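As stored in model_34.csv (CSV, C-alpha atoms):
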chain,number,residue,atom,x,y,z
K,10,MET,CA,104.3,135.4,-83.8
K,11,ALA,CA,106.2,132.2,-85.0
K,12,ILE,CA,108.0,134.1,-87.8
K,13,LEU,CA,109.0,136.9,-85.5
K,14,ALA,CA,110.2,134.5,-82.9
K,15,ALA,CA,112.2,132.5,-85.5
K,16,ALA,CA,113.7,135.8,-86.8
K,17,MET,CA,115.0,136.9,-83.5
K,18,HIS,CA,118.8,137.6,-83.7
K,19,LYS,CA,118.7,136.8,-87.4
K,20,SER,CA,117.2,139.9,-88.8
K,21,ARG,CA,120.5,141.0,-90.4
K,22,ARG,CA,120.4,138.1,-92.8
K,23,TRP,CA,119.0,139.2,-96.2
K,24,TYR,CA,116.6,136.3,-96.6
K,25,VAL,CA,115.1,136.9,-93.2
K,26,ARG,CA,114.7,140.6,-93.9
K,27,ASP,CA,112.9,139.8,-97.1
K,28,ILE,CA,110.4,137.7,-95.2
K,29,LEU,CA,110.0,140.4,-92.5
K,30,ASP,CA,109.3,143.0,-95.1
K,31,ASN,CA,106.4,140.9,-96.5
K,32,LEU,CA,105.2,139.5,-93.2
K,33,ASP,CA,101.5,139.2,-94.1
K,34,TYR,CA,102.2,137.3,-97.2
K,35,TYR,CA,104.5,134.8,-95.5
K,36,ALA,CA,102.3,134.4,-92.5
K,37,GLU,CA,99.5,133.4,-94.8
K,38,ALA,CA,101.8,131.0,-96.6
K,39,LEU,CA,102.9,129.4,-93.4
K,40,HIS,CA,99.3,129.1,-92.2
K,41,LYS,CA,98.4,127.2,-95.4
K,42,ALA,CA,101.4,125.0,-95.1
K,43,LEU,CA,100.5,124.0,-91.5
K,44,ILE,CA,96.8,123.5,-92.3
K,45,ASN,CA,97.5,121.4,-95.4
K,46,GLY,CA,100.6,119.7,-93.9
K,47,THR,CA,102.6,120.4,-97.1
K,48,PHE,CA,105.9,121.6,-95.6
K,49,VAL,CA,108.8,119.1,-95.6
K,50,THR,CA,111.7,119.7,-93.1
K,51,ARG,CA,115.0,120.0,-95.0
K,52,TYR,CA,118.4,120.1,-93.3
K,53,THR,CA,121.8,121.4,-94.1
K,54,PRO,CA,124.4,119.3,-92.1
K,55,LYS,CA,127.3,121.1,-90.3
K,56,THR,CA,130.0,120.0,-87.9
K,57,ILE,CA,130.9,122.3,-85.0
K,58,CYS,CA,133.4,122.1,-82.1
K,59,ASP,CA,131.4,122.6,-79.0
K,60,GLY,CA,132.5,123.9,-75.6
K,61,LEU,CA,136.0,124.4,-74.1
K,62,ASN,CA,136.8,120.7,-74.9
K,63,LYS,CA,136.1,121.4,-78.6
K,64,LYS,CA,133.9,118.3,-78.8
K,65,PRO,CA,132.8,117.7,-82.4
K,66,ARG,CA,129.1,117.7,-82.9
K,67,GLU,CA,127.1,117.0,-86.0
K,68,ILE,CA,124.2,119.5,-86.2
K,69,LEU,CA,121.4,119.7,-88.8
K,70,ILE,CA,120.2,123.2,-89.7
K,71,PRO,CA,116.6,123.4,-91.0
K,72,HIS,CA,115.7,126.0,-93.7
K,73,PHE,CA,114.4,129.3,-92.2
K,74,PHE,CA,111.1,129.3,-94.1
K,75,PRO,CA,108.9,127.4,-93.7
K,76,ASP,CA,110.8,124.9,-91.5
K,77,GLN,CA,112.1,127.0,-88.6
K,78,CYS,CA,109.0,129.1,-88.6
K,79,ALA,CA,106.7,126.0,-88.5
K,80,HIS,CA,108.7,124.6,-85.6
K,81,HIS,CA,108.2,127.8,-83.6
K,82,ALA,CA,104.5,127.7,-84.5
K,83,ILE,CA,104.2,124.2,-83.1
K,84,ILE,CA,106.2,124.8,-79.9
K,85,GLN,CA,104.4,128.1,-79.1
K,86,VAL,CA,101.2,125.9,-78.8
K,87,LEU,CA,102.8,123.0,-76.9
K,88,LYS,CA,105.1,125.1,-74.7
K,89,PRO,CA,102.4,125.8,-71.9
K,90,GLN,CA,101.7,122.1,-71.6
K,91,ILE,CA,105.4,121.1,-71.5
K,92,LYS,CA,106.2,123.8,-68.9
K,93,LYS,CA,103.2,123.0,-66.7
K,94,SER,CA,104.3,119.4,-66.2
K,95,ALA,CA,108.0,120.1,-65.9
K,96,TYR,CA,110.0,119.4,-62.7
K,97,ILE,CA,111.0,122.6,-61.1
K,98,TYR,CA,114.7,121.8,-61.2
K,99,SER,CA,114.8,120.5,-64.8
K,100,CYS,CA,117.2,123.0,-66.5
K,101,ALA,CA,118.7,123.7,-70.0
K,102,ASN,CA,115.7,123.0,-72.2
K,103,ILE,CA,113.3,125.5,-70.7
K,104,GLU,CA,113.8,129.2,-71.2
K,105,GLY,CA,115.0,131.0,-68.1
K,106,ARG,CA,116.5,127.9,-66.6
K,107,GLY,CA,120.2,128.1,-67.6
K,108,THR,CA,123.4,127.2,-65.8
K,109,ASP,CA,122.9,130.0,-63.2
K,110,TYR,CA,119.5,128.6,-62.3
K,111,GLY,CA,120.9,125.1,-62.1
K,112,SER,CA,123.8,126.2,-59.9
K,113,ILE,CA,121.5,128.0,-57.4
K,114,ALA,CA,119.2,124.9,-57.4
K,115,THR,CA,122.1,122.5,-56.7
K,116,LYS,CA,123.5,124.8,-54.0
K,117,ASN,CA,120.1,125.1,-52.3
K,118,LEU,CA,119.3,121.4,-52.5
K,119,LEU,CA,122.7,120.4,-51.0
K,120,TYR,CA,122.0,122.7,-48.1
K,121,LYS,CA,118.3,121.7,-47.5
K,122,THR,CA,118.8,117.9,-47.9
K,123,LYS,CA,122.1,117.8,-46.1
K,124,ALA,CA,123.2,115.3,-48.7
K,125,LYS,CA,126.5,113.5,-48.0
K,126,TYR,CA,126.6,111.3,-51.1
K,127,ALA,CA,126.0,112.1,-54.7
K,128,GLY,CA,125.1,110.1,-57.8
K,129,LYS,CA,126.1,111.6,-61.1
K,130,MET,CA,125.2,110.2,-64.5
K,131,ASP,CA,124.3,111.2,-68.1
K,132,ILE,CA,122.6,109.6,-71.0
K,133,ARG,CA,124.7,108.3,-73.9
K,134,GLN,CA,124.2,110.1,-77.2
K,135,PHE,CA,121.0,111.5,-75.9
K,136,TYR,CA,119.4,113.4,-78.8
K,137,PRO,CA,120.3,111.0,-81.6
K,138,SER,CA,119.4,107.9,-79.5
K,139,ILE,CA,115.8,108.9,-78.8
K,140,LYS,CA,113.7,106.4,-80.8
K,141,ASN,CA,111.0,108.0,-83.0
K,142,HIS,CA,108.3,105.5,-82.3
K,143,LEU,CA,108.8,105.7,-78.5
K,144,LEU,CA,108.6,109.5,-78.6
K,145,LYS,CA,105.5,109.4,-80.8
K,146,ASP,CA,103.8,106.9,-78.5
K,147,PHE,CA,104.5,109.2,-75.6
K,148,ILE,CA,103.1,112.2,-77.3
K,149,LYS,CA,99.9,110.3,-78.2
K,150,THR,CA,99.2,110.0,-74.5
K,151,LYS,CA,99.3,113.8,-74.2
K,152,ILE,CA,97.6,114.9,-77.4
K,153,LYS,CA,94.5,113.4,-78.9
K,154,ASP,CA,93.9,115.7,-81.9
K,155,LYS,CA,94.8,113.8,-85.1
K,156,LYS,CA,95.7,116.8,-87.3
K,157,ALA,CA,98.0,118.1,-84.5
K,158,LEU,CA,99.6,114.7,-84.1
K,159,GLU,CA,100.1,114.4,-87.9
K,160,LEU,CA,101.9,117.8,-87.9
K,161,ILE,CA,104.2,116.9,-85.0
K,162,PHE,CA,105.0,113.5,-86.4
K,163,ARG,CA,106.0,115.1,-89.7
K,164,VAL,CA,108.7,117.0,-87.8
K,165,ILE,CA,109.8,113.9,-85.7
K,166,ASP,CA,110.0,111.6,-88.8
K,167,SER,CA,112.2,114.1,-90.7
K,168,ASN,CA,115.2,112.5,-89.0
K,169,ALA,CA,116.2,109.3,-87.0
K,170,GLY,CA,116.4,110.6,-83.5
K,171,LEU,CA,116.1,114.3,-82.5
K,172,PRO,CA,118.4,116.4,-84.7
K,173,ILE,CA,120.6,118.9,-82.9
K,174,GLY,CA,119.7,122.2,-84.5
K,175,ASN,CA,115.9,121.9,-84.5
K,176,TYR,CA,114.0,124.4,-82.2
K,177,THR,CA,111.6,121.5,-81.5
K,178,SER,CA,114.4,119.1,-80.3
K,179,PRO,CA,115.1,120.5,-76.8
K,180,TRP,CA,111.4,120.9,-76.0
K,181,PHE,CA,110.6,117.3,-77.2
K,182,ALA,CA,113.6,116.0,-75.2
K,183,GLU,CA,112.4,117.8,-72.1
K,184,TRP,CA,108.9,116.4,-72.5
K,185,PHE,CA,110.2,112.9,-73.1
K,186,LEU,CA,112.4,113.0,-69.9
K,187,GLN,CA,109.7,114.3,-67.6
K,188,ARG,CA,108.7,110.7,-66.9
K,189,LEU,CA,112.2,110.1,-65.5
K,190,ASP,CA,111.9,113.2,-63.2
K,191,HIS,CA,108.5,112.0,-61.8
K,192,TYR,CA,109.9,108.4,-61.4
K,193,ILE,CA,112.9,109.6,-59.3
K,194,LYS,CA,110.9,112.0,-57.2
K,195,GLU,CA,107.6,110.0,-56.7
K,196,LYS,CA,108.7,106.4,-56.9
K,197,LEU,CA,112.3,106.5,-55.6
K,198,HIS,CA,111.6,109.4,-53.2
K,199,ILE,CA,114.9,111.1,-53.9
K,200,LYS,CA,114.9,114.6,-52.3
K,201,MET,CA,117.9,116.0,-54.1
K,202,LEU,CA,117.5,115.9,-57.9
K,203,VAL,CA,118.8,118.4,-60.5
K,204,ARG,CA,118.8,117.6,-64.2
K,205,TYR,CA,120.5,119.7,-66.9
K,206,ALA,CA,119.2,118.2,-70.2
K,207,ASP,CA,120.6,114.6,-70.0
K,208,ASP,CA,123.0,115.2,-67.1
K,209,ILE,CA,121.5,114.0,-63.8
K,210,VAL,CA,122.6,114.6,-60.3
K,211,ILE,CA,121.0,113.0,-57.3
K,212,GLY,CA,122.0,113.1,-53.6
K,213,GLY,CA,121.2,111.7,-50.2
K,214,THR,CA,122.4,111.0,-46.7
K,215,ASN,CA,122.7,107.2,-47.2
K,216,LYS,CA,125.2,105.7,-49.6
K,217,ARG,CA,123.3,102.5,-50.2
K,218,LYS,CA,120.1,104.3,-51.0
K,219,VAL,CA,121.8,106.5,-53.5
K,220,GLN,CA,123.5,103.4,-55.1
K,221,ALA,CA,120.2,101.6,-55.3
K,222,ALA,CA,118.5,104.6,-56.8
K,223,VAL,CA,121.2,104.8,-59.5
K,224,ARG,CA,120.7,101.2,-60.4
K,225,LYS,CA,116.9,101.6,-60.7
K,226,ILE,CA,117.4,104.8,-62.8
K,227,ILE,CA,119.6,102.8,-65.2
K,228,ILE,CA,116.9,100.1,-65.6
K,229,PHE,CA,114.1,102.7,-66.1
K,230,VAL,CA,116.1,104.6,-68.7
K,231,ARG,CA,116.8,101.4,-70.6
K,232,ASP,CA,113.4,99.7,-70.4
K,233,VAL,CA,111.0,102.6,-70.5
K,234,LEU,CA,112.8,105.3,-72.4
K,235,GLY,CA,114.9,103.0,-74.7
K,236,LEU,CA,118.1,105.0,-73.8
K,237,GLU,CA,121.3,104.1,-72.1
K,238,ILE,CA,123.2,105.6,-69.2
K,239,LYS,CA,126.9,106.0,-69.8
K,240,HIS,CA,129.1,103.4,-68.1
K,241,ASN,CA,131.1,106.1,-66.2
K,242,TYR,CA,128.3,106.9,-63.8
K,243,GLN,CA,129.5,107.6,-60.3
K,244,VAL,CA,128.4,107.5,-56.6
K,245,PHE,CA,130.8,109.2,-54.2
K,246,PRO,CA,130.9,111.1,-50.8
K,247,ILE,CA,130.6,114.9,-51.3
K,248,LYS,CA,133.5,117.1,-50.1
K,249,SER,CA,132.9,119.9,-47.5
K,250,SER,CA,135.2,122.6,-46.1
K,251,GLY,CA,135.3,120.7,-42.8
K,252,ASN,CA,136.1,117.3,-44.3
K,253,SER,CA,139.4,116.7,-46.0
K,254,ARG,CA,139.2,113.0,-46.6
K,255,TYR,CA,140.9,112.1,-49.9
K,256,LYS,CA,137.9,110.0,-51.1
K,257,ASN,CA,135.5,112.9,-50.7
K,258,ARG,CA,135.2,115.1,-53.8
K,259,LYS,CA,133.1,117.9,-55.3
K,260,ILE,CA,130.3,117.4,-57.8
K,261,ASP,CA,131.6,118.4,-61.3
K,262,PHE,CA,128.4,119.9,-62.8
K,263,LEU,CA,127.4,122.8,-65.0
K,264,GLY,CA,131.1,124.0,-65.4
K,265,LYS,CA,131.4,124.3,-61.7
K,266,CYS,CA,132.5,122.1,-58.8
K,267,PHE,CA,130.0,121.8,-55.9
K,268,ALA,CA,131.0,121.0,-52.3
K,269,THR,CA,128.3,120.9,-49.6
K,270,ASP,CA,129.1,124.5,-48.5
K,271,TYR,CA,130.9,126.2,-51.3
K,272,ILE,CA,131.3,126.3,-55.1
K,273,THR,CA,134.4,126.6,-57.2
K,274,ILE,CA,135.0,126.9,-61.0
K,275,ARG,CA,135.9,123.8,-63.0
K,276,LYS,CA,139.6,123.5,-63.7
K,277,ILE,CA,139.5,123.8,-67.5
K,278,ARG,CA,137.2,126.8,-67.3
K,279,ALA,CA,139.3,128.5,-64.7
K,280,LEU,CA,142.5,128.0,-66.8
K,281,SER,CA,140.8,129.6,-69.8
K,282,ILE,CA,139.8,132.7,-67.7
K,283,MET,CA,143.3,133.0,-66.3
K,284,ARG,CA,145.0,132.8,-69.7
K,285,GLN,CA,142.6,135.3,-71.2
K,286,SER,CA,142.9,137.7,-68.2
K,287,ARG,CA,146.7,137.7,-68.4
K,288,PHE,CA,146.5,138.5,-72.2
K,289,ILE,CA,144.0,141.4,-71.7
K,290,PHE,CA,146.0,142.7,-68.7
K,291,LYS,CA,149.2,143.0,-70.9
K,292,LYS,CA,147.3,144.7,-73.7
K,293,GLN,CA,145.7,147.3,-71.4
K,294,ASN,CA,149.0,148.0,-69.6
K,295,ARG,CA,150.6,148.7,-73.0
K,296,ASN,CA,147.6,150.8,-74.1
K,297,ARG,CA,147.0,148.5,-77.1
K,298,PRO,CA,143.5,147.7,-78.4
K,299,VAL,CA,141.8,144.5,-77.4
K,300,GLU,CA,140.0,142.6,-80.2
K,301,PHE,CA,136.2,142.5,-80.1
K,302,HIS,CA,136.0,138.7,-79.9
K,303,THR,CA,138.5,138.6,-77.0
K,304,CYS,CA,136.4,141.2,-75.1
K,305,ALA,CA,133.1,139.3,-75.8
K,306,GLY,CA,134.6,135.9,-74.8
K,307,TYR,CA,136.0,137.3,-71.6
K,308,ILE,CA,132.8,139.1,-70.5
K,309,SER,CA,130.9,135.9,-71.2
K,310,ARG,CA,133.3,133.7,-69.2
K,311,ILE,CA,133.5,135.9,-66.1
K,312,ALA,CA,129.7,135.5,-65.5
K,313,VAL,CA,130.7,132.2,-63.7
K,314,PHE,CA,131.9,134.4,-60.8
K,315,LYS,CA,128.3,135.3,-59.9
K,316,THR,CA,127.5,131.9,-58.6
K,317,THR,CA,130.8,130.7,-57.3
K,318,ASP,CA,132.9,131.3,-54.2
K,319,SER,CA,136.3,131.9,-56.0
K,320,HIS,CA,137.1,135.1,-54.1
K,321,HIS,CA,140.9,135.0,-54.5
K,322,MET,CA,140.7,134.2,-58.2
K,323,LYS,CA,138.2,137.1,-58.6
K,324,ILE,CA,140.6,139.5,-57.0
K,325,LYS,CA,143.6,138.4,-59.1
K,326,TYR,CA,142.0,137.8,-62.5
K,327,LEU,CA,138.9,140.0,-62.6
K,328,TYR,CA,139.6,143.1,-60.6
K,329,SER,CA,142.9,143.6,-62.4
K,330,ILE,CA,141.1,144.2,-65.7
K,331,ILE,CA,139.3,147.4,-66.6
K,332,ILE,CA,135.9,145.8,-67.5
K,333,LYS,CA,134.4,149.2,-68.4
K,334,ASN,CA,136.8,149.5,-71.4
K,335,LEU,CA,136.0,146.0,-72.7
K,336,LYS,CA,132.2,146.7,-72.5
K,337,GLU,CA,132.8,150.0,-74.5
K,338,ILE,CA,134.6,148.0,-77.2
K,339,ILE,CA,131.7,145.6,-77.5
K,340,ARG,CA,129.2,148.5,-77.5
K,341,GLN,CA,131.0,150.3,-80.3
K,342,GLN,CA,131.3,147.2,-82.4
K,343,SER,CA,127.6,146.5,-82.0
K,344,LYS,CA,126.7,150.0,-83.1
K,345,THR,CA,129.0,149.7,-86.2
K,346,ALA,CA,127.4,146.4,-87.1
K,347,SER,CA,123.9,147.8,-86.7
K,348,THR,CA,124.7,150.8,-88.9
K,349,TYR,CA,126.2,148.6,-91.6
K,350,TYR,CA,123.2,146.3,-91.9
K,351,VAL,CA,120.5,149.0,-91.8
Could you render the structure from this file as structure tokens?
Amino acid sequence: MAILAAAMHKSRRWYVRDILDNLDYYAEALHKALINGTFVTRYTPKTICDGLNKKPREILIPHFFPDQCAHHAIIQVLKPQIKKSAYIYSCANIEGRGTDYGSIATKNLLYKTKAKYAGKMDIRQFYPSIKNHLLKDFIKTKIKDKKALELIFRVIDSNAGLPIGNYTSPWFAEWFLQRLDHYIKEKLHIKMLVRYADDIVIGGTNKRKVQAAVRKIIIFVRDVLGLEIKHNYQVFPIKSSGNSRYKNRKIDFLGKCFATDYITIRKIRALSIMRQSRFIFKKQNRNRPVEFHTCAGYISRIAVFKTTDSHHMKIKYLYSIIIKNLKEIIRQQSKTASTYYV
């Protein structure tokens, strides 16, 4: 199961196909490596430009076998326990809880709690800043089996901090931050809380209570988790359609901007959709082919319309494009690639 999970979306690579063709042999080899603790996690460093801002990130790519397969084997055992204790509106690190889930949660909580003030903060250099000894001390309180701990610690000690690129990293990060979720909900009694990985948004009807909660969160993150909240954290009144005061503003979160009663698209994301829409519109009007990467990128970006109220922008930049033709290009390209790799 671990090998098949690790091979998902990678089955076209020759070294993955070799392992899948000899699945019984490699399953036995992985079993022995886990029992004996003989596997050593090795990494290939790589720098990527992440997101629309092209933010450079240093990622560490573990070898497929046995490293990635071993990580999947460990997490498939730990996953039920991590999910069981997770806060319902903790997003990003748990499957099925992506940006759409976080957007709906934020919208619903703004409506239910009638929040007028928001506190927004995120943790500085989250993954690399997690201290190995604090993470291991926390896991010791959850797991008592010595051989299991030895196996997990072997993965943790393979790098200082959690490496971006490990399958285990988002799950360990989620587990580590669950104490913060429980502290905010049970000790500070904050009704509105949505967390997307290390980005935290809280809300309330009283500005002083929100400010006090933010200060206590900063202390908890520093003293208990050994991490640091960025200095640019904010507390501000939330904008609404009936309130046009210049100090009130929307919550910039998950690539969207949340007011109390509507959601719009973040400016940089909206500009990228507008530019790409104009480019595709010109191509289709002149009966010229649109490149596969342009089609795939545009189809991916317009998913943001599902959870926003950008009606006029949708009419101008979505309905003017023949989406059916773009999907057909993607379908044909996928068939060609599949035929080539068989």
Open item on the list: Set the distance at 10 Å and use only C-alpha atoms: which residues neighbour stretch 155-159 of chain K once local chain neighbours fewer than 2 positions away are removed? I'd like the list as a PyMOL selection string.
Closed with: chain K and resi 43-46+83+145+148-149+151-153+161-165
What does the file look like for those residues with C-alpha atoms, as a PDB file, in the coordinates of the input?
ATOM      1  CA  LEU K  43     100.500 124.000 -91.500  1.00  0.00           C
ATOM      2  CA  ILE K  44      96.800 123.500 -92.300  1.00  0.00           C
ATOM      3  CA  ASN K  45      97.500 121.400 -95.400  1.00  0.00           C
ATOM      4  CA  GLY K  46     100.600 119.700 -93.900  1.00  0.00           C
ATOM      5  CA  ILE K  83     104.200 124.200 -83.100  1.00  0.00           C
ATOM      6  CA  LYS K 145     105.500 109.400 -80.800  1.00  0.00           C
ATOM      7  CA  ILE K 148     103.100 112.200 -77.300  1.00  0.00           C
ATOM      8  CA  LYS K 149      99.900 110.300 -78.200  1.00  0.00           C
ATOM      9  CA  LYS K 151      99.300 113.800 -74.200  1.00  0.00           C
ATOM     10  CA  ILE K 152      97.600 114.900 -77.400  1.00  0.00           C
ATOM     11  CA  LYS K 153      94.500 113.400 -78.900  1.00  0.00           C
ATOM     12  CA  ILE K 161     104.200 116.900 -85.000  1.00  0.00           C
ATOM     13  CA  PHE K 162     105.000 113.500 -86.400  1.00  0.00           C
ATOM     14  CA  ARG K 163     106.000 115.100 -89.700  1.00  0.00           C
ATOM     15  CA  VAL K 164     108.700 117.000 -87.800  1.00  0.00           C
ATOM     16  CA  ILE K 165     109.800 113.900 -85.700  1.00  0.00           C
TER      17      ILE K 165
END
Compile a residue-level contact table for stretch 214-248 of chain K against stretch 254-268 of chain K at a cut-off of 9 Å, reporting for every qualifying residue the shortest atom pair and its distance in Å to one decimal, with all atoms listed in the file counted, rows ordered by chain and ascending number, as a tab-separated table.
residue	atom	partner	partner_atom	distance
K:Phe245	CA	K:Asn257	CA	6.9
K:Pro246	CA	K:Asn257	CA	4.9
K:Ile247	CA	K:Arg258	CA	5.2
K:Lys248	CA	K:Arg258	CA	4.5
Task: Top pick for closest residue to K:Leu186, considering K:Asn168, K:Ser94, K:Asn334, K:Ser20 and counting only C-alpha atoms - done: K:Ser94
Task: Pairwise distance for atom CA of K:His81 and atom CA of K:Arg188, rounded to one decimal in Å - done: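 A separation of 23.9 Å between them.
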TODO: Work out how far apart atom CA of K:Leu234 and atom CA of K:Asp190 are and give it in Å to one decimal.
DONE: 12.2 Å
Task: For K:His191, the nearest of the candidates K:Ala312, K:Ser138, K:Arg204, K:Ile272, counting all atoms listed in the file - done: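 Nearest to K:His191: K:Arg204.
A straight line drawn from atom CA of K:Tyr35 to atom CA of K:Pro75 is 8.8 Å long.
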Open item on the list: I need the residue nearest K:Ala206 from this list: K:Lys116, K:Arg106, K:Lys194, K:Lys292. Use only C-alpha atoms for the distance.
Closed with: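 Closest residue, counting only C-alpha atoms: K:Arg106.
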Who sits within 12 Å of K:Lys325, all atoms listed in the file, same chain under 6 positions skipped, as a CSV table (one decimal) with C-alpha atoms, in the frame of the given file:
chain,number,residue,atom,x,y,z
K,282,ILE,CA,139.8,132.7,-67.7
K,283,MET,CA,143.3,133.0,-66.3
K,286,SER,CA,142.9,137.7,-68.2
K,287,ARG,CA,146.7,137.7,-68.4
K,290,PHE,CA,146.0,142.7,-68.7
K,319,SER,CA,136.3,131.9,-56.0
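With distances taken over all atoms listed in the file, K:Ile339 is the one residue among K:Ile339, K:Ala101, K:Ile227, K:Asn215 lying closest to K:Gly306.
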TODO: Using only C-alpha atoms, pick whichever of K:Cys100, K:Cys304, K:Leu160, K:Met322 has the shortest atom-to-atom distance to K:Leu335.
DONE: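 The answer is K:Cys304, which sits nearest to K:Leu335.
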- [ ] Would you please work out which residue, of K:Gly174, K:Leu236, K:Trp180, K:Tyr34, is nearest to K:Pro89 when using all atoms listed in the file?
- [x]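 Closest to K:Pro89, using all atoms listed in the file: K:Trp180.
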Open item on the list: So that I can check the surroundings of K:Lys323, please list as a list of chain:residue names every protein, DNA and RNA residue that reaches within 9 Å of it, counting all atoms listed in the file and ignoring chain neighbours fewer than 6 positions away.
Closed with: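 Neighbouring residues, sequence-local ones excluded: K:Ile311, K:Phe314, K:Ser329.
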